[in-house]
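A.B. asks: The structure file run00.pdb (PDB, C-alpha atoms and all ligand atoms) is provided below.
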MODEL        1
ATOM      1  CA  MET A 180     -10.715 -12.100  14.210
ATOM      2  CA  ALA A 181      -8.527  -9.375  12.724
ATOM      3  CA  LEU A 182      -6.819 -10.224   9.430
ATOM      4  CA  ILE A 183      -3.563  -8.617  10.574
ATOM      5  CA  THR A 184      -2.184  -8.073  14.048
ATOM      6  CA  THR A 185       1.175  -6.489  14.750
ATOM      7  CA  GLU A 186       2.794  -6.627  18.155
ATOM      8  CA  ASN A 187       5.649  -4.357  19.216
ATOM      9  CA  LEU A 188       6.935  -4.101  15.686
ATOM     10  CA  ARG A 189      10.315  -2.433  15.319
ATOM     11  CA  LYS A 190      12.562  -1.818  12.345
ATOM     12  CA  VAL A 191      16.012  -0.343  12.748
ATOM     13  CA  PHE A 192      18.125   0.462   9.686
ATOM     14  CA  PRO A 193      21.891   0.725   9.859
ATOM     15  CA  VAL A 194      22.901   3.947   8.139
ATOM     16  CA  ARG A 195      26.281   5.499   7.398
ATOM     17  CA  LYS A 196      29.213   4.898   9.688
ATOM     18  CA  ARG A 197      30.600   7.822  11.588
ATOM     19  CA  LEU A 198      34.063   8.872  10.489
ATOM     20  CA  PHE A 199      35.527   7.811  13.797
ATOM     21  CA  GLY A 200      33.465   5.498  15.914
ATOM     22  CA  GLY A 201      30.642   3.091  15.417
ATOM     23  CA  GLN A 202      27.699   2.420  13.194
ATOM     24  CA  GLU A 203      24.702   4.776  13.255
ATOM     25  CA  TYR A 204      21.104   3.605  13.215
ATOM     26  CA  VAL A 205      17.674   4.945  12.282
ATOM     27  CA  THR A 206      14.633   3.549  14.046
ATOM     28  CA  ALA A 207      12.062   3.711  11.245
ATOM     29  CA  VAL A 208       9.290   1.817  13.064
ATOM     30  CA  ASP A 209       9.297   1.919  16.841
ATOM     31  CA  ASP A 210       7.136  -0.392  18.947
ATOM     32  CA  VAL A 211       4.076  -0.378  16.720
ATOM     33  CA  SER A 212       1.037  -2.524  17.556
ATOM     34  CA  PHE A 213      -2.288  -2.468  15.721
ATOM     35  CA  LYS A 214      -4.932  -4.678  14.162
ATOM     36  CA  ILE A 215      -6.458  -4.463  10.707
ATOM     37  CA  HIS A 216      -9.921  -5.970  10.402
ATOM     38  CA  ARG A 217     -11.158  -7.867   7.387
ATOM     39  CA  ARG A 218     -12.532  -5.657   4.577
ATOM     40  CA  GLU A 219     -11.293  -2.578   6.360
ATOM     41  CA  VAL A 220      -9.393   0.291   4.771
ATOM     42  CA  PHE A 221      -6.870   1.104   7.473
ATOM     43  CA  GLY A 222      -5.124   4.426   6.961
ATOM     44  CA  LEU A 223      -1.574   5.250   7.913
ATOM     45  CA  VAL A 224      -0.909   8.973   7.849
ATOM     46  CA  GLY A 225       2.056  11.044   8.939
ATOM     47  CA  GLU A 226       4.740  13.345   7.647
ATOM     48  CA  SER A 227       7.570  12.295   5.375
ATOM     49  CA  GLY A 228       9.993   9.946   7.125
ATOM     50  CA  SER A 229       7.549   8.959   9.871
ATOM     51  CA  GLY A 230       7.808   5.264   8.947
ATOM     52  CA  LYS A 231       4.673   4.610   6.880
ATOM     53  CA  THR A 232       6.293   2.842   3.940
ATOM     54  CA  THR A 233       8.550   0.805   6.205
ATOM     55  CA  CYS A 234       5.494  -0.334   8.133
ATOM     56  CA  GLY A 235       3.705  -1.352   4.905
ATOM     57  CA  ARG A 236       6.727  -3.257   3.641
ATOM     58  CA  LEU A 237       7.056  -5.109   6.947
ATOM     59  CA  LEU A 238       3.434  -6.280   6.723
ATOM     60  CA  LEU A 239       4.104  -7.808   3.290
ATOM     61  CA  ARG A 240       7.416  -9.272   4.403
ATOM     62  CA  LEU A 241       9.301  -7.236   1.882
ATOM     63  CA  LEU A 242      11.405  -6.295   4.917
ATOM     64  CA  GLU A 243      12.374  -8.313   7.974
ATOM     65  CA  PRO A 244      11.445  -6.713  11.288
ATOM     66  CA  THR A 245      14.200  -6.094  13.807
ATOM     67  CA  SER A 246      11.806  -7.357  16.482
ATOM     68  CA  GLY A 247       8.116  -7.897  17.090
ATOM     69  CA  SER A 248       5.538 -10.103  15.406
ATOM     70  CA  ILE A 249       3.070  -9.876  12.556
ATOM     71  CA  TYR A 250       0.154 -12.268  12.490
ATOM     72  CA  TYR A 251      -1.671 -12.726   9.225
ATOM     73  CA  ASP A 252      -4.814 -14.802   9.548
ATOM     74  CA  GLY A 253      -3.431 -16.070  12.855
ATOM     75  CA  VAL A 254      -0.031 -17.114  11.447
ATOM     76  CA  ASP A 255       3.216 -15.351  12.353
ATOM     77  CA  ILE A 256       4.535 -14.398   8.916
ATOM     78  CA  THR A 257       7.984 -13.474  10.204
ATOM     79  CA  LYS A 258       8.638 -17.229  10.474
ATOM     80  CA  LEU A 259       7.373 -18.346   7.043
ATOM     81  CA  THR A 260       9.725 -20.037   4.573
ATOM     82  CA  GLY A 261       9.568 -21.924   1.281
ATOM     83  CA  ARG A 262       6.181 -22.922  -0.022
ATOM     84  CA  GLU A 263       4.303 -21.187   2.787
ATOM     85  CA  LEU A 264       6.069 -17.928   2.043
ATOM     86  CA  LEU A 265       5.223 -18.245  -1.657
ATOM     87  CA  SER A 266       1.574 -18.827  -0.865
ATOM     88  CA  PHE A 267       1.576 -15.835   1.520
ATOM     89  CA  ARG A 268       3.025 -13.696  -1.291
ATOM     90  CA  ARG A 269       0.122 -14.650  -3.482
ATOM     91  CA  ARG A 270      -2.368 -13.379  -0.927
ATOM     92  CA  VAL A 271      -0.819  -9.942  -0.435
ATOM     93  CA  GLN A 272       0.152  -7.214  -2.879
ATOM     94  CA  MET A 273       1.435  -3.675  -2.974
ATOM     95  CA  ILE A 274       0.374  -0.703  -5.089
ATOM     96  CA  PHE A 275       3.080   1.955  -5.341
ATOM     97  CA  GLN A 276       3.022   5.696  -5.626
ATOM     98  CA  ASN A 277       4.685   5.809  -8.987
ATOM     99  CA  PRO A 278       3.473   3.415 -11.677
ATOM    100  CA  TYR A 279       6.564   4.364 -13.715
ATOM    101  CA  GLU A 280       8.605   2.541 -11.102
ATOM    102  CA  SER A 281       6.299  -0.417 -10.593
ATOM    103  CA  LEU A 282       5.795  -1.117 -14.309
ATOM    104  CA  ASN A 283       8.725  -2.306 -16.372
ATOM    105  CA  PRO A 284       9.031   0.122 -19.329
ATOM    106  CA  ARG A 285      10.002  -2.752 -21.633
ATOM    107  CA  PHE A 286       6.944  -4.790 -20.725
ATOM    108  CA  THR A 287       3.652  -4.508 -22.566
ATOM    109  CA  VAL A 288       0.478  -4.177 -20.509
ATOM    110  CA  TYR A 289      -0.068  -7.889 -21.072
ATOM    111  CA  ASP A 290       3.432  -8.780 -19.821
ATOM    112  CA  SER A 291       3.080  -6.624 -16.702
ATOM    113  CA  VAL A 292      -0.275  -8.008 -15.668
ATOM    114  CA  ALA A 293       0.605 -11.612 -16.588
ATOM    115  CA  GLU A 294       3.930 -11.643 -14.718
ATOM    116  CA  PRO A 295       2.549 -12.337 -11.208
ATOM    117  CA  LEU A 296       0.585 -15.278 -12.657
ATOM    118  CA  ILE A 297       3.772 -16.645 -14.228
ATOM    119  CA  ILE A 298       5.788 -16.225 -11.020
ATOM    120  CA  GLN A 299       3.067 -17.899  -9.013
ATOM    121  CA  ARG A 300       2.457 -20.538 -11.716
ATOM    122  CA  ILE A 301      -1.245 -19.876 -11.523
ATOM    123  CA  ALA A 302      -2.524 -20.189 -15.086
ATOM    124  CA  ASP A 303      -1.163 -20.601 -18.595
ATOM    125  CA  GLY A 304      -2.188 -20.273 -22.237
ATOM    126  CA  GLU A 305      -5.735 -19.107 -22.850
ATOM    127  CA  GLU A 306      -6.558 -19.169 -19.158
ATOM    128  CA  ARG A 307      -3.721 -16.749 -18.391
ATOM    129  CA  ARG A 308      -4.896 -14.407 -21.144
ATOM    130  CA  ARG A 309      -8.441 -14.592 -19.882
ATOM    131  CA  ARG A 310      -7.321 -13.640 -16.361
ATOM    132  CA  VAL A 311      -5.282 -10.715 -17.633
ATOM    133  CA  ILE A 312      -8.254  -9.372 -19.590
ATOM    134  CA  GLU A 313     -10.533  -9.866 -16.618
ATOM    135  CA  ALA A 314      -8.109  -7.924 -14.374
ATOM    136  CA  LEU A 315      -7.962  -5.052 -16.877
ATOM    137  CA  GLU A 316     -11.744  -4.953 -17.130
ATOM    138  CA  ARG A 317     -11.991  -4.930 -13.356
ATOM    139  CA  VAL A 318      -9.983  -1.689 -13.246
ATOM    140  CA  ARG A 319     -12.191  -0.364 -16.078
ATOM    141  CA  LEU A 320      -9.610  -0.344 -18.818
ATOM    142  CA  THR A 321     -11.804  -1.231 -21.775
ATOM    143  CA  PRO A 322     -11.692  -2.574 -24.355
ATOM    144  CA  ALA A 323      -8.920  -4.507 -22.646
ATOM    145  CA  GLU A 324      -7.802  -6.277 -25.849
ATOM    146  CA  SER A 325      -6.809  -2.977 -27.416
ATOM    147  CA  LEU A 326      -4.407  -2.219 -24.548
ATOM    148  CA  LEU A 327      -2.605  -5.540 -24.266
ATOM    149  CA  ARG A 328       0.232  -4.603 -26.620
ATOM    150  CA  ARG A 329       0.759  -1.071 -25.371
ATOM    151  CA  TYR A 330       3.808   0.030 -23.402
ATOM    152  CA  PRO A 331       3.670   2.211 -20.260
ATOM    153  CA  HIS A 332       4.869   5.318 -22.141
ATOM    154  CA  GLU A 333       1.875   5.027 -24.450
ATOM    155  CA  LEU A 334      -0.588   5.317 -21.563
ATOM    156  CA  SER A 335      -1.858   8.254 -19.534
ATOM    157  CA  GLY A 336      -0.873   8.515 -15.867
ATOM    158  CA  GLY A 337      -4.295   7.311 -14.771
ATOM    159  CA  GLN A 338      -4.214   4.365 -17.175
ATOM    160  CA  ARG A 339      -0.757   3.420 -15.945
ATOM    161  CA  GLN A 340      -1.903   3.372 -12.343
ATOM    162  CA  ARG A 341      -4.912   1.261 -13.360
ATOM    163  CA  VAL A 342      -2.568  -1.233 -15.027
ATOM    164  CA  ALA A 343      -0.495  -1.325 -11.827
ATOM    165  CA  ILE A 344      -3.672  -2.018  -9.845
ATOM    166  CA  ALA A 345      -4.693  -4.754 -12.295
ATOM    167  CA  ARG A 346      -1.250  -6.312 -11.866
ATOM    168  CA  ALA A 347      -1.623  -6.196  -8.086
ATOM    169  CA  LEU A 348      -5.063  -7.813  -8.201
ATOM    170  CA  VAL A 349      -4.551 -10.472 -10.854
ATOM    171  CA  THR A 350      -3.523 -13.121  -8.305
ATOM    172  CA  GLU A 351      -6.685 -12.329  -6.308
ATOM    173  CA  PRO A 352      -4.964 -11.216  -3.109
ATOM    174  CA  ASP A 353      -6.945 -10.537   0.047
ATOM    175  CA  PHE A 354      -4.678  -7.833   1.461
ATOM    176  CA  VAL A 355      -3.269  -4.847  -0.406
ATOM    177  CA  VAL A 356      -0.889  -2.139   0.761
ATOM    178  CA  ALA A 357      -1.498   1.013  -1.278
ATOM    179  CA  ASP A 358       1.405   3.414  -0.719
ATOM    180  CA  GLU A 359       0.412   6.941  -1.757
ATOM    181  CA  PRO A 360      -1.374   5.528  -4.829
ATOM    182  CA  VAL A 361      -2.666   8.867  -6.114
ATOM    183  CA  SER A 362      -0.118  11.419  -4.969
ATOM    184  CA  MET A 363       1.751  11.406  -8.286
ATOM    185  CA  LEU A 364      -1.461  11.705 -10.303
ATOM    186  CA  ASP A 365      -3.146  14.800 -11.615
ATOM    187  CA  VAL A 366      -5.779  16.043  -9.172
ATOM    188  CA  SER A 367      -8.480  15.678 -11.845
ATOM    189  CA  ILE A 368      -8.093  11.899 -12.011
ATOM    190  CA  ARG A 369      -7.455  11.130  -8.338
ATOM    191  CA  ALA A 370     -11.104  10.694  -7.375
ATOM    192  CA  GLY A 371     -11.610   8.175 -10.187
ATOM    193  CA  ILE A 372      -8.768   5.982  -8.918
ATOM    194  CA  LEU A 373      -9.861   6.293  -5.278
ATOM    195  CA  ASN A 374     -13.452   5.358  -6.127
ATOM    196  CA  LEU A 375     -12.182   2.423  -8.149
ATOM    197  CA  MET A 376     -10.201   1.185  -5.132
ATOM    198  CA  LEU A 377     -13.243   1.455  -2.872
ATOM    199  CA  ASP A 378     -15.359  -0.441  -5.405
ATOM    200  CA  LEU A 379     -12.693  -3.145  -5.695
ATOM    201  CA  ARG A 380     -12.636  -3.478  -1.926
ATOM    202  CA  ASP A 381     -16.371  -4.146  -2.006
ATOM    203  CA  ASP A 382     -16.328  -6.434  -5.042
ATOM    204  CA  LEU A 383     -13.282  -8.501  -4.060
ATOM    205  CA  ASP A 384     -13.584  -8.370  -0.259
ATOM    206  CA  LEU A 385     -10.176  -6.732  -0.020
ATOM    207  CA  THR A 386      -8.526  -5.537   3.149
ATOM    208  CA  MET A 387      -6.332  -2.494   2.633
ATOM    209  CA  LEU A 388      -3.559  -0.584   4.314
ATOM    210  CA  PHE A 389      -3.801   2.837   2.743
ATOM    211  CA  ILE A 390      -0.736   5.043   3.187
ATOM    212  CA  THR A 391      -0.997   8.760   2.580
ATOM    213  CA  HIS A 392       0.230  12.047   3.948
ATOM    214  CA  ASP A 393      -2.960  13.688   2.671
ATOM    215  CA  LEU A 394      -5.627  13.776   5.365
ATOM    216  CA  ALA A 395      -8.352  14.662   2.881
ATOM    217  CA  VAL A 396      -7.598  11.467   0.998
ATOM    218  CA  ALA A 397      -7.410   9.500   4.257
ATOM    219  CA  ARG A 398     -10.812  10.787   5.328
ATOM    220  CA  TYR A 399     -12.318   9.841   2.006
ATOM    221  CA  MET A 400     -10.849   6.345   1.874
ATOM    222  CA  CYS A 401     -10.343   4.974   5.344
ATOM    223  CA  ASP A 402     -12.477   3.383   8.036
ATOM    224  CA  ARG A 403      -9.867   3.851  10.751
ATOM    225  CA  ILE A 404      -6.757   5.981  10.748
ATOM    226  CA  ALA A 405      -3.450   5.617  12.581
ATOM    227  CA  VAL A 406      -1.225   8.676  12.796
ATOM    228  CA  MET A 407       2.519   7.992  12.717
ATOM    229  CA  HIS A 408       5.148  10.333  14.032
ATOM    230  CA  LYS A 409       8.825   9.448  14.214
ATOM    231  CA  GLY A 410       8.201   5.732  13.890
ATOM    232  CA  ARG A 411       5.453   5.552  16.494
ATOM    233  CA  ILE A 412       1.685   5.487  16.296
ATOM    234  CA  VAL A 413       0.602   8.560  18.235
ATOM    235  CA  GLU A 414      -3.124   8.296  17.575
ATOM    236  CA  LEU A 415      -5.448   5.568  16.302
ATOM    237  CA  GLY A 416      -9.212   5.634  15.912
ATOM    238  CA  SER A 417     -12.170   5.877  13.560
ATOM    239  CA  LYS A 418     -11.649   8.500  10.911
ATOM    240  CA  GLU A 419     -14.353  10.624  12.525
ATOM    241  CA  ASP A 420     -12.533  10.607  15.858
ATOM    242  CA  VAL A 421      -9.099  11.233  14.435
ATOM    243  CA  ILE A 422     -10.137  13.986  12.042
ATOM    244  CA  GLU A 423     -13.038  15.669  13.862
ATOM    245  CA  ASN A 424     -11.648  15.305  17.343
ATOM    246  CA  PRO A 425      -7.879  14.832  17.304
ATOM    247  CA  GLN A 426      -6.306  14.174  20.685
ATOM    248  CA  HIS A 427      -2.647  14.335  19.961
ATOM    249  CA  PRO A 428      -0.937  17.698  19.308
ATOM    250  CA  TYR A 429       0.874  16.209  16.331
ATOM    251  CA  THR A 430      -2.441  15.194  14.699
ATOM    252  CA  ARG A 431      -3.758  18.723  15.259
ATOM    253  CA  ALA A 432      -0.665  20.155  13.633
ATOM    254  CA  LEU A 433      -1.104  17.793  10.692
ATOM    255  CA  LEU A 434      -4.770  18.790  10.358
ATOM    256  CA  SER A 435      -4.075  22.500  10.488
ATOM    257  CA  SER A 436      -1.887  22.155   7.426
ATOM    258  CA  VAL A 437      -4.645  20.583   5.301
ATOM    259  CA  PRO A 438      -5.870  23.152   2.800
ATOM    260  CA  ARG A 439      -8.702  21.282   1.139
ATOM    261  CA  LEU A 440     -10.841  18.835   3.047
ATOM    262  CA  HIS A 441     -13.803  19.212   0.716
ATOM    263  CA  SER A 442     -12.292  18.872  -2.717
ATOM    264  CA  LEU A 443     -12.876  15.139  -3.156
ATOM    265  CA  SER A 444     -16.304  14.113  -4.211
ATOM    266  CA  LYS A 445     -17.824  10.837  -5.215
ATOM    267  CA  THR A 446     -18.032  10.763  -9.014
TER     268      THR A 446
HETATM  269  N1  LIG B 501      16.404   1.021   3.398
HETATM  270  C1  LIG B 501      16.614   1.994   4.292
HETATM  271  N2  LIG B 501      17.830   2.215   4.809
HETATM  272  C2  LIG B 501      18.063   3.179   5.724
HETATM  273  N3  LIG B 501      17.099   3.994   6.210
HETATM  274  C3  LIG B 501      15.860   3.825   5.737
HETATM  275  C4  LIG B 501      15.533   2.836   4.756
HETATM  276  N4  LIG B 501      14.209   2.923   4.469
HETATM  277  C5  LIG B 501      13.733   3.909   5.242
HETATM  278  N5  LIG B 501      14.701   4.467   6.009
HETATM  279  C6  LIG B 501      14.530   5.552   6.991
HETATM  280  O1  LIG B 501      13.474   5.196   7.848
HETATM  281  C7  LIG B 501      12.647   6.321   8.165
HETATM  282  C8  LIG B 501      11.225   6.055   7.759
HETATM  283  O2  LIG B 501      11.154   5.977   6.337
HETATM  284  P1  LIG B 501       9.816   5.643   5.537
HETATM  285  O3  LIG B 501      10.184   5.579   4.105
HETATM  286  O4  LIG B 501       9.165   4.469   6.138
HETATM  287  O5  LIG B 501       8.936   6.944   5.827
HETATM  288  P2  LIG B 501       7.560   7.413   5.156
HETATM  289  O6  LIG B 501       6.642   7.772   6.280
HETATM  290  O7  LIG B 501       7.089   6.395   4.186
HETATM  291  O8  LIG B 501       7.998   8.747   4.393
HETATM  292  P3  LIG B 501       7.438   9.371   3.014
HETATM  293  O9  LIG B 501       6.133  10.047   3.345
HETATM  294  O10 LIG B 501       8.491  10.356   2.628
HETATM  295  O11 LIG B 501       7.294   8.265   2.017
HETATM  296  C9  LIG B 501      13.286   7.503   7.446
HETATM  297  O12 LIG B 501      14.138   8.153   8.358
HETATM  298  C10 LIG B 501      14.093   6.850   6.352
HETATM  299  O13 LIG B 501      15.194   7.644   5.992
HETATM  300 MG    MG B 502       6.754   6.415   2.104
ENDMDL
END
Write the structure described by the file as structure tokens, please.
Ligand SMILES: Nc1ncnc2c1ncn2[C@@H]1O[C@H](COP(=O)(O)OP(=O)(O)OP(=O)(O)O)[C@@H](O)[C@H]1O
Ligand SMILES: [Mg+2]
C.D. replies:
Amino acid sequence: MALITTENLRKVFPVRKRLFGGQEYVTAVDDVSFKIHRREVFGLVGESGSGKTTCGRLLLRLLEPTSGSIYYDGVDITKLTGRELLSFRRRVQMIFQNPYESLNPRFTVYDSVAEPLIIQRIADGEERRRRVIEALERVRLTPAESLLRRYPHELSGGQRQRVAIARALVTEPDFVVADEPVSMLDVSIRAGILNLMLDLRDDLDLTMLFITHDLAVARYMCDRIAVMHKGRIVELGSKEDVIENPQHPYTRALLSSVPRLHSLSKT
């Protein structure tokens, strides 16, 4: 069974009011249906504004859909409340594009990584500290003890993103939405972060929705790729099919604007 199934998912945002007349709306996600299999890296690609982030946020219930359903492990998450919602939140996490935004500048590395454990009331005292160190070691920030008291501004961009990943994984989620996780990073450190994410998928049995507008990155990371255009999925298939043999004119246009399909290598 798929871990995630969406059916006819739609999200409409009210935007500014016209000067005279009614409310205006933007349909960010328009009738989207797909499945994500367990331990799969499912890619969502498409130009800016095509609805990728909105789709990711819907899957984590950070946004309410306007209509449609989302089944997670067979349960419709759009109906969860209370304790069930809290336990769902523990099983899913998001990694953002910009670790400067996802990490509180006033929090030490320890505070940032420990916070999800505190919110979820998972561990305390020595056990909490042990889990934080384990999460930092998992993202290969070693020696972890020497980083615990550092602040985000004292870290390199790559280290900051690793801390953000450690924070996302400390509650041992089984589904992660990674929204453009390397696009703010220097090209020289991107491959290291991408390889880390693939290794974590293998080690922790993670399922991932990987959002990017970079087809080279999508080809490197994903098992299957869905191409979004104006809120709709216009093409969905294995990465080989989508990238080697695109069917939709929009996918071809997207591919023709990719300058460097060979620059990522396994390190
Ligand atoms: N909170 C919001 N309120 C109003 N409109 C929104 C909101 N969030 C997104 N939108 C609109 O929905 C559409 C899809 O946005 P979304 O952020 O999902 O696109 P995206 O594919 O992630 O783009 P990018 O590659 O730039 O991150 C856009 O037209 C955007 O302006
Ligand atoms: Mg986005």
A.B. asks: Once the PyMOL selection byres (((not hetatm)) within 10 of (chain B and resi 502)) is applied to the coordinates I shared, what remains selected? I want it as a ChimeraX atom specification.
C.D. replies: /A:224-236,275-276,358-359,390-392
A.B. asks: Using only C-alpha atoms and a cutoff of 12 Å, can you tell me which residues are near (-14.2, -8.7, -5.3) in the file's coordinates, and write them out as a list in words?
C.D. replies: Arg218, Glu313, Ala314, Arg317, Val318, Leu348, Val349, Thr350, Glu351, Pro352, Asp353, Phe354, Leu375, Met376, Leu377, Asp378, Leu379, Arg380, Asp381, Asp382, Leu383, Asp384, Leu385 and Thr386 of chain A
A.B. asks: Nearest residue to ligand LIG 501 (chain B) out of A:Ala345, A:Ala397, A:Leu242, A:Ile215, using only C-alpha atoms and all ligand atoms?
C.D. replies: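 Smallest separation from ligand LIG 501 (chain B) among the options: A:Leu242.
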A.B. asks: Measuring atom to atom with only C-alpha atoms and all ligand atoms, identify which of A:Glu316, A:Glu324, A:Asp255, A:Asp393 is nearest to ligand LIG 501 (chain B).
C.D. replies: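 Looking only at the distances to ligand LIG 501 (chain B), the closest residue turns out to be A:Asp393.
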A.B. asks: If we count all atoms listed in the file, what is near A:Pro278 at a cut-off of 9 Å, once residues fewer than 2 positions away on the same chain are taken out, given as a PyMOL selection string?
C.D. replies: chain A and resi 274-276+280-282+331+336+339-343+360+363
A.B. asks: Suppose we keep C-alpha atoms; can you now write the selection as an mmCIF file, in the coordinates of the input?
C.D. replies:
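Below is the file that was written, result09.cif:
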data_model
loop_
_atom_site.group_PDB
_atom_site.id
_atom_site.type_symbol
_atom_site.label_atom_id
_atom_site.label_comp_id
_atom_site.auth_asym_id
_atom_site.auth_seq_id
_atom_site.Cartn_x
_atom_site.Cartn_y
_atom_site.Cartn_z
ATOM 1 C CA ILE A 274 0.374 -0.703 -5.089
ATOM 2 C CA PHE A 275 3.080 1.955 -5.341
ATOM 3 C CA GLN A 276 3.022 5.696 -5.626
ATOM 4 C CA GLU A 280 8.605 2.541 -11.102
ATOM 5 C CA SER A 281 6.299 -0.417 -10.593
ATOM 6 C CA LEU A 282 5.795 -1.117 -14.309
ATOM 7 C CA PRO A 331 3.670 2.211 -20.260
ATOM 8 C CA GLY A 336 -0.873 8.515 -15.867
ATOM 9 C CA ARG A 339 -0.757 3.420 -15.945
ATOM 10 C CA GLN A 340 -1.903 3.372 -12.343
ATOM 11 C CA ARG A 341 -4.912 1.261 -13.360
ATOM 12 C CA VAL A 342 -2.568 -1.233 -15.027
ATOM 13 C CA ALA A 343 -0.495 -1.325 -11.827
ATOM 14 C CA PRO A 360 -1.374 5.528 -4.829
ATOM 15 C CA MET A 363 1.751 11.406 -8.286
#
A.B. asks: Select, from A:Leu326, A:Leu182, A:Ala395, A:Ile301, the residue with the minimum atom-to-atom distance to A:Val254, counting all atoms listed in the file.
C.D. replies: A:Leu182
A.B. asks: What would the selection look like, as a VMD selection string, if the PyMOL selection byres (((chain A and resi 259) around 12) and not hetatm) were run on the coordinates I just shared?
C.D. replies: chain A and resid 239 to 240 243 248 to 251 254 to 258 260 to 268
A.B. asks: With all atoms listed in the file as the counted atoms, please give the residues lying no more than 7 Å from A:Asp210, apart from itself and same-chain residues fewer than 2 positions off, as an MDAnalysis selection string.
C.D. replies: chainID A and resid 187:189 208 212 411
A.B. asks: Work out how far atom CA of A:Leu223 is from atom CA of A:Met407, in Å to one decimal.
C.D. replies: 6.9 Å
A.B. asks: Using the file's own x, y and z axes, so that the box edges lie along x, y and z, what centre and edge lengths in Å (one decimal) does a box around every listed atom of stretch 384-403 of chain A get when 6 Å is added on each side? Give it as AutoDock Vina command-line options.
C.D. replies:
--center_x -6.7 --center_y 3.1 --center_z 5.2 --size_x 25.8 --size_y 35.0 --size_z 23.0
A.B. asks: Could you tell me how far atom CA of A:Arg310 lies from atom CA of A:Asn283, in Å and to one decimal?
C.D. replies: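 So the answer is 19.6 Å.
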A.B. asks: Skip stretch 288-294 of chain A itself and residues of its chain fewer than 5 positions away, then list as a list of chain:residue names all residues within 6 Å of it, counting all atoms listed in the file.
C.D. replies: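 Those residues are A:Leu327, A:Arg329, A:Arg346.
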A.B. asks: Using all atoms listed in the file - which residues lie no farther than 9 Å from the point (21.5, 3.3, 9.0) in the file's frame? Write them as a VMD selection string.
C.D. replies: chain A and resid 191 to 196 202 to 206
A.B. asks: Compare A:Met387, A:Leu296, A:Ala347, A:Met400 by their minimum atom-to-atom distance to A:Leu373, counting all atoms listed in the file, and give me the closest one.
C.D. replies: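 Selected residue with least distance to A:Leu373: A:Met400.
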A.B. asks: Nearest to A:Pro244: which of A:Leu334, A:Ile422, A:Val311, A:Val211 is it, counting all atoms listed in the file?
C.D. replies: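 Checking each of A:Leu334, A:Ile422, A:Val311, A:Val211 against A:Pro244, counting all atoms listed in the file, the winner is A:Val211.
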A.B. asks: Find the distance between atom CA of A:Gln299 and atom CA of A:Phe389 and write it in Å to one decimal.
C.D. replies: 24.8 Å
A.B. asks: With all atoms listed in the file as the atoms that count, which of A:Pro322, A:Gly253, A:Gly200, A:Gly410 lies nearest to ligand LIG 501 (chain B)?
C.D. replies: A:Gly410
A.B. asks: List as a PDB file with C-alpha atoms, keeping the file's coordinate frame the protein and nucleic acid residues near A:Ser417, meaning an atom at most 9 Å away when all atoms listed in the file are counted, but skip any in the same chain fewer than 6 places from it.
C.D. replies:
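Dumped everything to out.pdb:
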ATOM      1  CA  CYS A 401     -10.343   4.974   5.344  1.00  0.00           C
ATOM      2  CA  ASP A 402     -12.477   3.383   8.036  1.00  0.00           C
ATOM      3  CA  ARG A 403      -9.867   3.851  10.751  1.00  0.00           C
ATOM      4  CA  ILE A 404      -6.757   5.981  10.748  1.00  0.00           C
ATOM      5  CA  ALA A 405      -3.450   5.617  12.581  1.00  0.00           C
TER       6      ALA A 405
END
A.B. asks: Which residues are near A:His216? Cut-off 9 Å, only C-alpha atoms, ignore same chain within fewer than 5 positions. Put them as a short mmCIF file (atom, residue, chain, number, x, y, z; two decimals) with C-alpha atoms, in the frame of the given file.
C.D. replies:
data_model
loop_
_atom_site.label_atom_id
_atom_site.label_comp_id
_atom_site.auth_asym_id
_atom_site.auth_seq_id
_atom_site.Cartn_x
_atom_site.Cartn_y
_atom_site.Cartn_z
CA MET A 180 -10.72 -12.10 14.21
CA ALA A 181 -8.53 -9.38 12.72
CA LEU A 182 -6.82 -10.22 9.43
CA ILE A 183 -3.56 -8.62 10.57
CA THR A 184 -2.18 -8.07 14.05
CA PHE A 221 -6.87 1.10 7.47
CA THR A 386 -8.53 -5.54 3.15
#
